[in-house]
Each structure stands twice: as C-alpha cells, then as structure tokens.
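K.L.:
Sharing target-v8.tsv below, TSV, C-alpha atoms and all ligand atoms:
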```
chain	number	residue	atom	x	y	z
A	655	MET	CA	-7.11	8.36	31.91
A	656	ALA	CA	-3.72	9.30	30.46
A	657	PHE	CA	-3.84	10.95	27.05
A	658	ALA	CA	-0.38	9.54	26.29
A	659	ILE	CA	0.74	6.00	27.04
A	660	LEU	CA	4.43	5.16	27.12
A	661	GLU	CA	5.50	1.53	26.81
A	662	THR	CA	9.14	0.49	26.90
A	663	LYS	CA	10.18	-2.68	25.08
A	664	GLY	CA	13.88	-3.24	25.67
A	665	ALA	CA	15.82	-0.58	23.78
A	666	ILE	CA	12.76	0.97	22.13
A	667	ALA	CA	9.74	2.84	23.47
A	668	VAL	CA	6.27	3.36	22.01
A	669	LEU	CA	4.27	6.49	22.84
A	670	THR	CA	0.58	6.20	21.96
A	671	VAL	CA	-1.49	9.39	21.73
A	672	ASN	CA	-4.68	8.33	23.44
A	673	ASN	CA	-7.72	10.54	22.87
A	674	PRO	CA	-9.79	8.16	20.72
A	675	LYS	CA	-13.15	9.89	21.27
A	676	ALA	CA	-11.81	12.87	19.30
A	677	LEU	CA	-9.64	10.85	16.90
A	678	ASN	CA	-6.62	11.66	19.12
A	679	ALA	CA	-6.97	15.44	18.63
A	680	LEU	CA	-4.43	17.51	20.55
A	681	SER	CA	-6.20	19.36	23.35
A	682	PRO	CA	-4.01	21.22	25.88
A	683	ALA	CA	-4.40	18.20	28.23
A	684	VAL	CA	-3.23	15.82	25.49
A	685	LEU	CA	-0.20	18.02	24.77
A	686	THR	CA	0.58	18.11	28.51
A	687	ASP	CA	0.44	14.31	28.78
A	688	ILE	CA	2.60	13.79	25.66
A	689	ASN	CA	5.15	16.21	27.13
A	690	ALA	CA	5.21	14.32	30.45
A	691	ALA	CA	5.54	10.97	28.65
A	692	ILE	CA	8.50	12.26	26.61
A	693	ASP	CA	10.15	13.59	29.78
A	694	SER	CA	9.78	10.18	31.42
A	695	ILE	CA	11.77	8.31	28.75
A	696	ASP	CA	14.97	6.80	30.15
A	697	LEU	CA	17.45	8.07	27.57
A	698	ASP	CA	20.21	5.90	29.08
A	699	THR	CA	18.51	2.73	27.87
A	700	VAL	CA	15.97	3.70	25.20
A	701	ARG	CA	17.55	4.16	21.76
A	702	CYS	CA	14.57	4.81	19.53
A	703	LEU	CA	11.05	6.14	20.13
A	704	ILE	CA	7.93	5.34	18.09
A	705	ILE	CA	4.94	7.70	18.22
A	706	THR	CA	1.54	6.40	17.10
A	707	GLY	CA	-2.17	7.00	17.73
A	708	ALA	CA	-4.69	4.88	19.63
A	709	GLY	CA	-7.12	2.83	17.51
A	710	ASP	CA	-7.01	2.01	13.83
A	711	LYS	CA	-8.58	5.14	12.36
A	712	SER	CA	-6.46	8.07	13.37
A	713	PHE	CA	-2.90	9.03	14.21
A	714	VAL	CA	-3.87	12.55	15.32
A	715	ALA	CA	-6.78	14.45	13.68
A	716	GLY	CA	-5.24	17.83	14.47
A	717	ALA	CA	-5.32	20.40	17.18
A	718	ASP	CA	-8.55	20.25	19.17
A	719	ILE	CA	-10.98	22.51	17.31
A	720	SER	CA	-13.36	22.63	20.27
A	721	ALA	CA	-10.53	24.01	22.44
A	722	MET	CA	-9.67	26.68	19.84
A	723	VAL	CA	-13.10	27.91	18.78
A	724	HIS	CA	-13.40	30.75	21.32
A	725	MET	CA	-9.70	31.56	21.72
A	726	SER	CA	-8.47	35.13	21.75
A	727	LYS	CA	-5.32	36.10	19.83
A	728	ALA	CA	-3.33	35.85	23.07
A	729	ASP	CA	-4.79	32.39	23.88
A	730	ALA	CA	-3.99	31.22	20.34
A	731	CYS	CA	-0.37	32.36	20.65
A	732	ALA	CA	-0.02	30.52	23.98
A	733	TYR	CA	-1.60	27.36	22.50
A	734	SER	CA	0.67	27.56	19.48
A	735	LYS	CA	3.74	27.98	21.72
A	736	MET	CA	2.70	24.97	23.83
A	737	GLY	CA	2.57	22.75	20.74
A	738	ASN	CA	5.64	24.27	19.13
A	739	ASP	CA	7.74	23.83	22.30
A	740	LEU	CA	6.69	20.17	22.47
A	741	PHE	CA	7.34	19.52	18.77
A	742	LEU	CA	10.76	21.20	19.01
A	743	LYS	CA	11.52	18.95	21.99
A	744	ILE	CA	10.58	15.87	19.93
A	745	GLU	CA	12.65	17.09	16.97
A	746	ALA	CA	15.68	17.69	19.23
A	747	LEU	CA	15.26	14.53	21.31
A	748	PRO	CA	18.72	12.90	21.34
A	749	ILE	CA	17.34	9.58	20.07
A	750	PRO	CA	15.62	9.02	16.70
A	751	VAL	CA	11.83	9.22	16.64
A	752	ILE	CA	9.65	7.28	14.18
A	753	ALA	CA	6.06	8.36	13.50
A	754	ALA	CA	3.92	5.26	12.85
A	755	ILE	CA	0.94	6.98	11.22
A	756	ASN	CA	-2.08	4.74	11.54
A	757	GLY	CA	-4.82	6.89	9.98
A	758	PHE	CA	-5.66	10.61	9.92
A	759	ALA	CA	-2.65	12.91	10.26
A	760	LEU	CA	-4.33	16.26	9.76
A	761	GLY	CA	-3.26	19.73	10.85
A	762	GLY	CA	-1.42	19.35	14.17
A	763	GLY	CA	-1.26	15.58	13.52
A	764	CYS	CA	0.62	16.04	10.28
A	765	GLU	CA	2.80	18.60	12.09
A	766	LEU	CA	3.52	16.15	14.92
A	767	SER	CA	4.60	13.53	12.38
A	768	MET	CA	6.87	16.07	10.68
A	769	SER	CA	8.69	16.79	13.95
A	770	CYS	CA	9.72	13.10	13.98
A	771	ASP	CA	12.84	11.87	12.20
A	772	ILE	CA	11.14	9.22	10.05
A	773	ARG	CA	7.51	8.71	8.99
A	774	ILE	CA	5.94	5.41	7.97
A	775	CYS	CA	2.19	4.91	7.57
A	776	SER	CA	-0.67	2.51	7.07
A	777	GLU	CA	-2.56	2.25	3.77
A	778	ASN	CA	-5.54	4.13	5.26
A	779	ALA	CA	-3.42	7.10	6.39
A	780	MET	CA	-4.57	10.53	5.29
A	781	PHE	CA	-2.40	13.65	5.44
A	782	GLY	CA	-3.22	17.32	5.16
A	783	GLN	CA	-2.99	20.81	6.56
A	784	PRO	CA	-6.68	21.85	6.52
A	785	GLU	CA	-6.21	25.01	8.60
A	786	VAL	CA	-7.02	27.63	5.95
A	787	GLN	CA	-10.41	25.95	5.58
A	788	LEU	CA	-10.97	26.77	9.28
A	789	GLY	CA	-9.85	30.37	8.86
A	790	ILE	CA	-6.47	29.90	10.54
A	791	THR	CA	-2.94	29.01	9.51
A	792	PRO	CA	-0.90	25.96	10.48
A	793	GLY	CA	0.35	26.76	13.98
A	794	TYR	CA	2.64	23.93	15.00
A	795	GLY	CA	5.43	24.37	12.47
A	796	GLY	CA	3.53	23.10	9.40
A	797	THR	CA	4.48	25.98	7.12
A	798	GLN	CA	8.13	25.47	7.99
A	799	ARG	CA	8.63	21.70	8.24
A	800	MET	CA	6.40	20.79	5.27
A	801	ALA	CA	8.39	23.10	2.99
A	802	ARG	CA	11.68	21.68	4.24
A	803	LEU	CA	10.54	18.06	3.84
A	804	VAL	CA	8.80	18.06	0.48
A	805	GLY	CA	9.82	21.40	-1.07
A	806	ALA	CA	8.12	24.77	-1.07
A	807	GLY	CA	6.02	24.19	-4.22
A	808	ILE	CA	4.24	21.08	-2.97
A	809	ALA	CA	3.97	22.45	0.58
A	810	LYS	CA	2.32	25.62	-0.72
A	811	GLU	CA	-0.16	23.63	-2.82
A	812	LEU	CA	-1.13	21.43	0.12
A	813	ILE	CA	-1.44	24.30	2.58
A	814	TYR	CA	-3.23	26.76	0.25
A	815	THR	CA	-5.74	24.15	-1.00
A	816	ALA	CA	-6.19	22.43	2.40
A	817	ARG	CA	-6.67	19.21	0.46
A	818	ASN	CA	-6.19	15.80	2.02
A	819	MET	CA	-3.61	13.44	0.61
A	820	LYS	CA	-3.67	9.63	0.67
A	821	ALA	CA	-0.80	7.39	1.74
A	822	ASP	CA	0.44	6.59	-1.78
A	823	ASP	CA	0.68	10.30	-2.63
A	824	ALA	CA	2.50	10.96	0.65
A	825	LEU	CA	4.98	8.25	-0.35
A	826	ARG	CA	5.38	9.71	-3.84
A	827	ILE	CA	6.27	13.20	-2.52
A	828	GLY	CA	8.60	11.80	0.15
A	829	LEU	CA	6.50	12.79	3.15
A	830	VAL	CA	6.58	9.15	4.30
A	831	ASN	CA	9.28	6.54	3.77
A	832	ALA	CA	7.03	3.49	3.44
A	833	VAL	CA	3.38	2.37	3.49
A	834	TYR	CA	2.16	-0.86	5.14
A	835	PRO	CA	-1.16	-2.65	5.62
A	836	GLN	CA	-2.65	-1.38	8.89
A	837	ASP	CA	-2.07	-4.66	10.74
A	838	GLU	CA	1.62	-4.71	9.77
A	839	LEU	CA	2.44	-1.08	10.63
A	840	MET	CA	3.52	-1.45	14.26
A	841	ALA	CA	5.59	-4.56	13.56
A	842	ALA	CA	7.34	-2.66	10.76
A	843	ALA	CA	7.91	0.35	13.04
A	844	GLU	CA	9.38	-1.84	15.78
A	845	LYS	CA	11.60	-3.69	13.29
A	846	LEU	CA	12.95	-0.35	12.05
A	847	ALA	CA	13.39	0.96	15.60
A	848	ASN	CA	15.24	-2.18	16.68
A	849	LYS	CA	17.53	-1.96	13.64
A	850	ILE	CA	18.43	1.60	14.68
A	851	ALA	CA	18.78	0.56	18.34
A	852	LYS	CA	21.37	-2.09	17.44
A	853	ASN	CA	23.80	0.53	16.16
A	854	ALA	CA	26.29	2.55	18.19
A	855	PRO	CA	24.15	5.04	20.16
A	856	ILE	CA	26.66	7.88	20.28
A	857	ALA	CA	27.14	7.69	16.51
A	858	VAL	CA	23.37	7.55	15.90
A	859	ARG	CA	22.78	10.56	18.20
A	860	LEU	CA	25.57	12.53	16.56
A	861	SER	CA	24.20	11.71	13.10
A	862	LYS	CA	20.78	13.04	14.12
A	863	GLN	CA	22.34	16.21	15.49
A	864	MET	CA	24.46	16.72	12.37
A	865	ILE	CA	21.50	16.29	9.98
A	866	ASN	CA	19.18	18.55	12.00
A	867	ASP	CA	21.72	21.28	12.72
A	868	GLY	CA	23.18	21.17	9.21
A	869	LEU	CA	19.84	21.72	7.48
A	870	ALA	CA	19.72	25.23	8.94
A	871	LEU	CA	23.22	26.13	7.72
A	872	PRO	CA	24.87	27.02	4.39
A	873	ILE	CA	26.69	23.92	3.04
A	874	ALA	CA	30.23	25.14	3.85
A	875	GLU	CA	29.28	25.82	7.47
A	876	ALA	CA	27.31	22.57	7.62
A	877	VAL	CA	30.23	20.37	6.56
A	878	ALA	CA	32.54	22.27	8.95
A	879	MET	CA	30.08	21.49	11.75
A	880	GLU	CA	30.06	17.84	10.62
A	881	SER	CA	33.87	17.72	10.73
A	882	ASN	CA	33.86	19.11	14.27
A	883	LEU	CA	31.29	16.63	15.54
A	884	PHE	CA	32.85	13.69	13.62
A	885	GLY	CA	35.70	13.56	16.12
A	886	ASN	CA	33.26	13.12	19.01
A	887	SER	CA	32.59	9.49	18.06
A	888	PHE	CA	36.30	8.63	18.34
A	889	GLU	CA	37.89	7.21	21.49
A	890	THR	CA	34.45	5.83	22.41
A	891	HIS	CA	33.81	2.18	23.30
A	892	ASP	CA	31.72	1.69	20.16
A	893	GLN	CA	34.28	3.22	17.80
A	894	VAL	CA	37.11	1.08	19.19
A	895	GLU	CA	34.89	-2.03	19.30
A	896	GLY	CA	33.24	-1.38	15.90
A	897	MET	CA	36.48	-0.85	14.01
A	898	SER	CA	38.56	-3.55	15.71
A	899	CYS	CA	35.73	-6.07	15.23
A	900	PHE	CA	35.54	-5.17	11.54
A	901	LEU	CA	39.29	-5.81	11.18
A	902	SER	CA	39.15	-9.09	13.15
A	903	ARG	CA	35.91	-10.13	11.37
A	904	GLU	CA	33.94	-10.33	14.63
A	905	LYS	CA	30.50	-8.93	15.41
A	906	PRO	CA	30.66	-5.65	17.41
A	907	LYS	CA	28.76	-5.43	20.69
A	908	PRO	CA	27.49	-1.88	21.30
A	909	LYS	CA	27.22	-0.91	24.95
A	910	ALA	CA	23.91	-1.72	26.63
A	911	VAL	CA	23.63	1.56	28.55
A	912	PHE	CA	24.23	4.99	27.08
A	913	THR	CA	27.21	6.90	28.45
A	914	ASN	CA	29.23	9.68	26.90
A	915	ASN	CA	32.09	7.37	25.96
B	1	LIG	N1	-10.71	18.52	17.11
B	1	LIG	C1	-11.73	18.16	17.94
B	1	LIG	N2	-12.51	17.08	17.72
B	1	LIG	C2	-12.27	16.35	16.63
B	1	LIG	C3	-11.23	16.67	15.71
B	1	LIG	C4	-10.43	17.82	16.00
B	1	LIG	N3	-9.40	18.18	15.22
B	1	LIG	N4	-11.24	15.76	14.72
B	1	LIG	C5	-12.25	14.90	15.01
B	1	LIG	N5	-12.85	15.25	16.16
B	1	LIG	C6	-13.98	14.58	16.83
B	1	LIG	C7	-15.30	14.87	16.10
B	1	LIG	O1	-15.83	16.11	16.53
B	1	LIG	C8	-16.13	13.69	16.57
B	1	LIG	O2	-16.58	13.94	17.88
B	1	LIG	P1	-18.08	13.52	18.37
B	1	LIG	O3	-18.99	14.24	17.46
B	1	LIG	O4	-18.11	12.01	18.18
B	1	LIG	O5	-18.13	13.96	19.79
B	1	LIG	C9	-15.15	12.56	16.63
B	1	LIG	O6	-13.85	13.17	16.70
B	1	LIG	C10	-15.15	11.66	15.41
B	1	LIG	O7	-15.01	12.49	14.27
B	1	LIG	P2	-16.01	12.44	13.02
B	1	LIG	O8	-17.36	11.98	13.43
B	1	LIG	O9	-15.91	13.74	12.31
B	1	LIG	O10	-15.33	11.27	12.18
B	1	LIG	P3	-15.34	11.09	10.59
B	1	LIG	O11	-14.75	9.75	10.33
B	1	LIG	O12	-16.69	11.39	10.01
B	1	LIG	O13	-14.34	12.20	10.04
B	1	LIG	C11	-12.28	13.51	10.00
B	1	LIG	C12	-12.98	12.15	10.37
B	1	LIG	C13	-10.84	13.43	10.53
B	1	LIG	C14	-12.25	13.65	8.48
B	1	LIG	C15	-13.08	14.66	10.64
B	1	LIG	O14	-13.27	14.35	12.03
B	1	LIG	C16	-12.37	15.96	10.55
B	1	LIG	O15	-12.39	16.60	9.48
B	1	LIG	N6	-11.77	16.41	11.66
B	1	LIG	C17	-11.12	17.67	11.74
B	1	LIG	C18	-9.78	17.60	11.02
B	1	LIG	C19	-9.09	18.92	11.01
B	1	LIG	O16	-9.56	19.89	10.44
B	1	LIG	N7	-7.94	18.93	11.66
B	1	LIG	C20	-7.13	20.10	11.71
B	1	LIG	C21	-7.49	20.85	12.93
B	1	LIG	S1	-6.74	22.45	12.87
B	1	LIG	C22	-2.43	27.14	16.10
B	1	LIG	C23	-2.16	25.97	16.75
B	1	LIG	C24	-2.41	24.80	16.12
B	1	LIG	C25	-2.96	24.76	14.88
B	1	LIG	C26	-3.23	25.95	14.22
B	1	LIG	C27	-2.98	27.13	14.83
B	1	LIG	N8	-2.25	28.37	16.76
B	1	LIG	C28	-2.80	28.46	18.07
B	1	LIG	C29	-1.91	29.54	16.00
B	1	LIG	C30	-3.34	23.53	14.30
B	1	LIG	C31	-4.59	23.49	13.78
B	1	LIG	C32	-5.21	22.23	13.46
B	1	LIG	O17	-4.69	21.16	13.66
```
Translate this file's structure into structure tokens.
P.N.:
Amino acid sequence: MAFAILETKGAIAVLTVNNPKALNALSPAVLTDINAAIDSIDLDTVRCLIITGAGDKSFVAGADISAMVHMSKADACAYSKMGNDLFLKIEALPIPVIAAINGFALGGGCELSMSCDIRICSENAMFGQPEVQLGITPGYGGTQRMARLVGAGIAKELIYTARNMKADDALRIGLVNAVYPQDELMAAAEKLANKIAKNAPIAVRLSKQMINDGLALPIAEAVAMESNLFGNSFETHDQVEGMSCFLSREKPKPKAVFTNN
C-alpha cells in the first residue's frame, strides 16, 4: 500500500497522505512515499498541487511517535533532516501548493501545512504543536515557519503551551485562509487550484519565488530582487498574449504546457 497517493486532474494534482490507521502520522516510510509522489509530478503540465489527508478525521496527526520513542540523538537528527528536506522541497516546489486540512494537523502535520503556500481547512480541523508535551521540540520547521506566518508572540504561546487550536481560531490568527464544511473542502481546494492554474504559469512561478525569497531579505534587497525577476516574465508568450489581449479586449489563452518562454 502506498502511503501517498498522487492523482492528476488536468492542470492540478492532489496528493493524499495515506496512513489512516495512525491518523496519517508521518513515519519514515510515509515521508519516503510523499517524497516519491512529489518527485513524480509532471511540472510541465501540473500548475497547482493540493495536499490533503486520507479520511475525514485527520490531515496528519504529526510525526510518528512510535517511530521516535526509542530514537537516539543521532537518529532524531536524521529523522528531522528527512522531514525538513522534504518540507523544504515542498516549499520550494516551482508550482503553488495548497494544504486542504481535513482534520488534525498536529506537530509534523501542522508543520507540513505550513510548508505549503496556502492553507484552507474543514470546520473540524485542529491545529497545534504539541511537542513540548512529549519532551521534544518541533523538528520539522515549526519554530521557524509558525513565527513567520502568525508572528512570534502567537507562535511562542502555541508552542510553549502545546495547546490545540480549532479552525475558527486558526482563521482568526491567519494560519488558514478559509474554513469550509468538511464535505465542501476538496471542492473548494480544487476551485482555488484551478483558478491559479488558469493564470500565466511563468508569472505565477516567479511570484512564488519572489515572495519566498523576499521574506528572508531586508526590504531594500527584497524589492531589488523583485525588480530583477520582474523582467523574466517579459518576452514570454503569456506576457505578449496577456497584454495584447487586454488591449484588444480578448480573453488571453495561457500556454497549455510549461516552457521557459
Ligand atoms: N504517531 C503515531 N500514531 C499516532 C499518532 C502519531 N502522531 N497520532 C495518532 N496515532 C495513532 C494512535 O496511536 C491510534 O493507534 P491505535 O491505537 O488505533 O493503533 C490511532 O492513531 C488513532 O488515534 P487515537 O485513538 O488516539 O484517536 P483519538 O481520536 O482518540 O485522538 C489525537 C486523536 C490526534 C488527538 C490523538 O491520536 C493524539 O493526540 N495523537 C498524537 C498527536 C501528537 O502529539 N502529534 C505530534 C507528534 S510529535 C523531530 C522531528 C519531528 C518532530 C519533532 C522532532 N526531530 C527528530 C527532532 C515532530 C514531532 C511531532 O509531530
């Protein structure tokens, strides 16, 4: 049985983390299968990826506690690197990634969602970084991405208290963009993904790169980087088509297959 299922639907793909017996917890085998599924995405045709969890109870209930219980310090570092390398790959994937959070997003599950570009969730979603309750720290980027997404004060409260947070609170602090009834979540995720997929792919990819790279830079360097990359969307099919169609009041047709021009 694959612990990650990849389904392509036209210009979008859906990756389902599939370890339902353990509420989709991230064992090393699950991480390996997610990694392989990500590597198998055809980035020439797929323009947006959705990540969700199997079933209607859990997105991902964290790193697999049974796999960690007897780990040495060296094992723990290797396990942390395995997850961190994967989450960095998701964060840097050229196409946007939407987390469709359909239940528990705890520990490594919350961290997985934070490596995605956009988070939306179901009404029963539950977020948290419970690691300090288990005698460990977040190990898949939680201390870093949570603080960047919702601010250091709220991130510190959530991480130090290990408390769980419901969907409406996650919406209030900006951890998720929207909350839907469970049975409407995937349709909403696909609608959002298709809206992104309809836009010029080079411009969308560049925008992702600019936002991600710029967040790590002082503002003057960040806008200089934006100016440099801005030119890369010019002289492309979609720039010529998009602008000339605007002027002639026609509907632009972005290219079906990704190429560098
Ligand atoms: N790992 C392993 N199994 C898990 C699991 C997890 N994180 N979460 C749930 N399960 C398993 C349960 O053991 C149970 O298995 P069986 O007993 O049926 O065999 C099954 O899923 C169903 O769970 P429950 O029976 O507990 O279901 P409930 O509805 O009663 O409760 C729950 C749901 C999500 C509230 C509860 O399962 C729970 O509290 N789960 C643990 C949540 C958690 O603490 N997650 C954070 C894990 S720590 C690092 C690398 C990574 C990390 C840290 C450091 N380095 C190496 C430095 C990340 C750490 C984490 O993510």
K.L.:
Quick one: distance from CA of Ile827 (chain A) to CA of Met800 (chain A) in Å, one decimal?
P.N.:
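For CA of Ile827 (chain A) relative to CA of Met800 (chain A), the distance reads 10.9 Å.
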K.L.:
Residues within 9 Å of ligand LIG 1 (chain B), counting all atoms listed in the file: report them as an MDAnalysis selection string.
P.N.:
chainID A and resid 674:681 711:712 714:722 725 727:738 757:765 780 782:788 790:796
K.L.:
Between CA of Glu889 (chain A) and CA of Ala854 (chain A), what is the distance, to one decimal in Å?
P.N.:
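Distance between the two atoms: 12.9 Å.
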K.L.:
Ranking A:Lys663, A:Arg799, A:Arg903, A:His724 by minimum distance to Val700 (chain A) and counting all atoms listed in the file, which one comes first?
P.N.:
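Of A:Lys663, A:Arg799, A:Arg903, A:His724, the one nearest Val700 (chain A) is A:Lys663, counting all atoms listed in the file.
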K.L.:
Quick one: pull the distance between CA of Glu811 (chain A) and CA of Val833 (chain A), Å, one decimal.
P.N.:
22.5 Å
K.L.:
Please export region 704-793 of chain A as a CSV table (one decimal), in the first residue's frame, restricted to C-alpha atoms.
P.N.:
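Listed below is the output, out04.csv:
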```
chain,number,residue,atom,x,y,z
A,704,ILE,CA,-3.2,20.1,-3.3
A,705,ILE,CA,-2.0,18.1,-0.3
A,706,THR,CA,-4.6,16.5,2.0
A,707,GLY,CA,-5.0,13.5,4.3
A,708,ALA,CA,-7.0,10.3,3.8
A,709,GLY,CA,-10.3,10.0,5.6
A,710,ASP,CA,-12.4,12.7,7.3
A,711,LYS,CA,-10.7,12.9,10.7
A,712,SER,CA,-7.1,13.8,10.2
A,713,PHE,CA,-4.8,15.7,7.8
A,714,VAL,CA,-1.7,14.5,9.5
A,715,ALA,CA,-1.5,13.8,13.3
A,716,GLY,CA,2.2,14.5,13.5
A,717,ALA,CA,5.4,12.7,13.2
A,718,ASP,CA,5.0,9.0,14.1
A,719,ILE,CA,5.5,8.8,17.9
A,720,SER,CA,6.0,5.0,17.8
A,721,ALA,CA,8.9,5.5,15.4
A,722,MET,CA,10.5,8.2,17.6
A,723,VAL,CA,10.1,6.7,21.1
A,724,HIS,CA,13.5,4.8,21.2
A,725,MET,CA,15.5,7.1,18.9
A,726,SER,CA,19.0,8.2,19.8
A,727,LYS,CA,20.1,11.8,19.4
A,728,ALA,CA,21.7,10.8,16.1
A,729,ASP,CA,18.6,9.0,14.9
A,730,ALA,CA,16.5,12.0,15.8
A,731,CYS,CA,18.7,14.4,13.8
A,732,ALA,CA,18.5,12.1,10.8
A,733,TYR,CA,14.7,11.9,11.1
A,734,SER,CA,14.4,15.6,11.5
A,735,LYS,CA,16.6,16.2,8.4
A,736,MET,CA,14.4,13.7,6.4
A,737,GLY,CA,11.3,15.7,7.2
A,738,ASN,CA,13.0,19.1,6.8
A,739,ASP,CA,14.4,18.2,3.4
A,740,LEU,CA,11.0,17.1,2.2
A,741,PHE,CA,9.2,20.2,3.6
A,742,LEU,CA,11.9,22.5,2.1
A,743,LYS,CA,11.3,20.7,-1.3
A,744,ILE,CA,7.5,21.3,-1.0
A,745,GLU,CA,8.1,25.0,0.0
A,746,ALA,CA,10.4,25.5,-3.0
A,747,LEU,CA,8.3,23.5,-5.5
A,748,PRO,CA,8.0,25.7,-8.5
A,749,ILE,CA,4.2,25.5,-8.5
A,750,PRO,CA,1.9,26.7,-5.7
A,751,VAL,CA,0.9,24.1,-3.1
A,752,ILE,CA,-2.4,24.3,-1.2
A,753,ALA,CA,-2.9,22.4,2.0
A,754,ALA,CA,-6.5,21.1,2.3
A,755,ILE,CA,-6.6,20.4,6.0
A,756,ASN,CA,-9.3,17.9,6.7
A,757,GLY,CA,-8.9,17.3,10.5
A,758,PHE,CA,-6.0,17.0,12.9
A,759,ALA,CA,-2.9,19.0,11.8
A,760,LEU,CA,-0.7,18.4,14.9
A,761,GLY,CA,3.1,18.6,15.2
A,762,GLY,CA,4.6,17.5,11.9
A,763,GLY,CA,1.1,17.8,10.3
A,764,CYS,CA,0.9,21.5,11.2
A,765,GLU,CA,4.5,21.8,10.0
A,766,LEU,CA,3.6,20.1,6.7
A,767,SER,CA,0.7,22.5,6.2
A,768,MET,CA,3.0,25.5,6.9
A,769,SER,CA,5.4,24.4,4.2
A,770,CYS,CA,2.6,24.9,1.7
A,771,ASP,CA,1.8,28.2,0.1
A,772,ILE,CA,-1.9,28.4,1.1
A,773,ARG,CA,-3.9,26.6,3.9
A,774,ILE,CA,-7.6,26.1,3.9
A,775,CYS,CA,-9.4,23.7,6.3
A,776,SER,CA,-12.5,22.0,7.3
A,777,GLU,CA,-14.6,23.0,10.3
A,778,ASN,CA,-13.3,20.0,12.3
A,779,ALA,CA,-9.7,20.9,11.7
A,780,MET,CA,-7.5,21.1,14.8
A,781,PHE,CA,-4.0,22.7,14.8
A,782,GLY,CA,-1.2,22.6,17.3
A,783,GLN,CA,2.5,22.0,18.1
A,784,PRO,CA,2.2,19.5,21.0
A,785,GLU,CA,5.9,18.6,21.0
A,786,VAL,CA,6.9,20.1,24.4
A,787,GLN,CA,4.2,17.9,26.0
A,788,LEU,CA,6.2,14.9,24.6
A,789,GLY,CA,9.5,16.2,25.9
A,790,ILE,CA,10.8,17.3,22.5
A,791,THR,CA,10.7,20.4,20.3
A,792,PRO,CA,9.1,20.9,16.9
A,793,GLY,CA,11.5,19.3,14.5
```
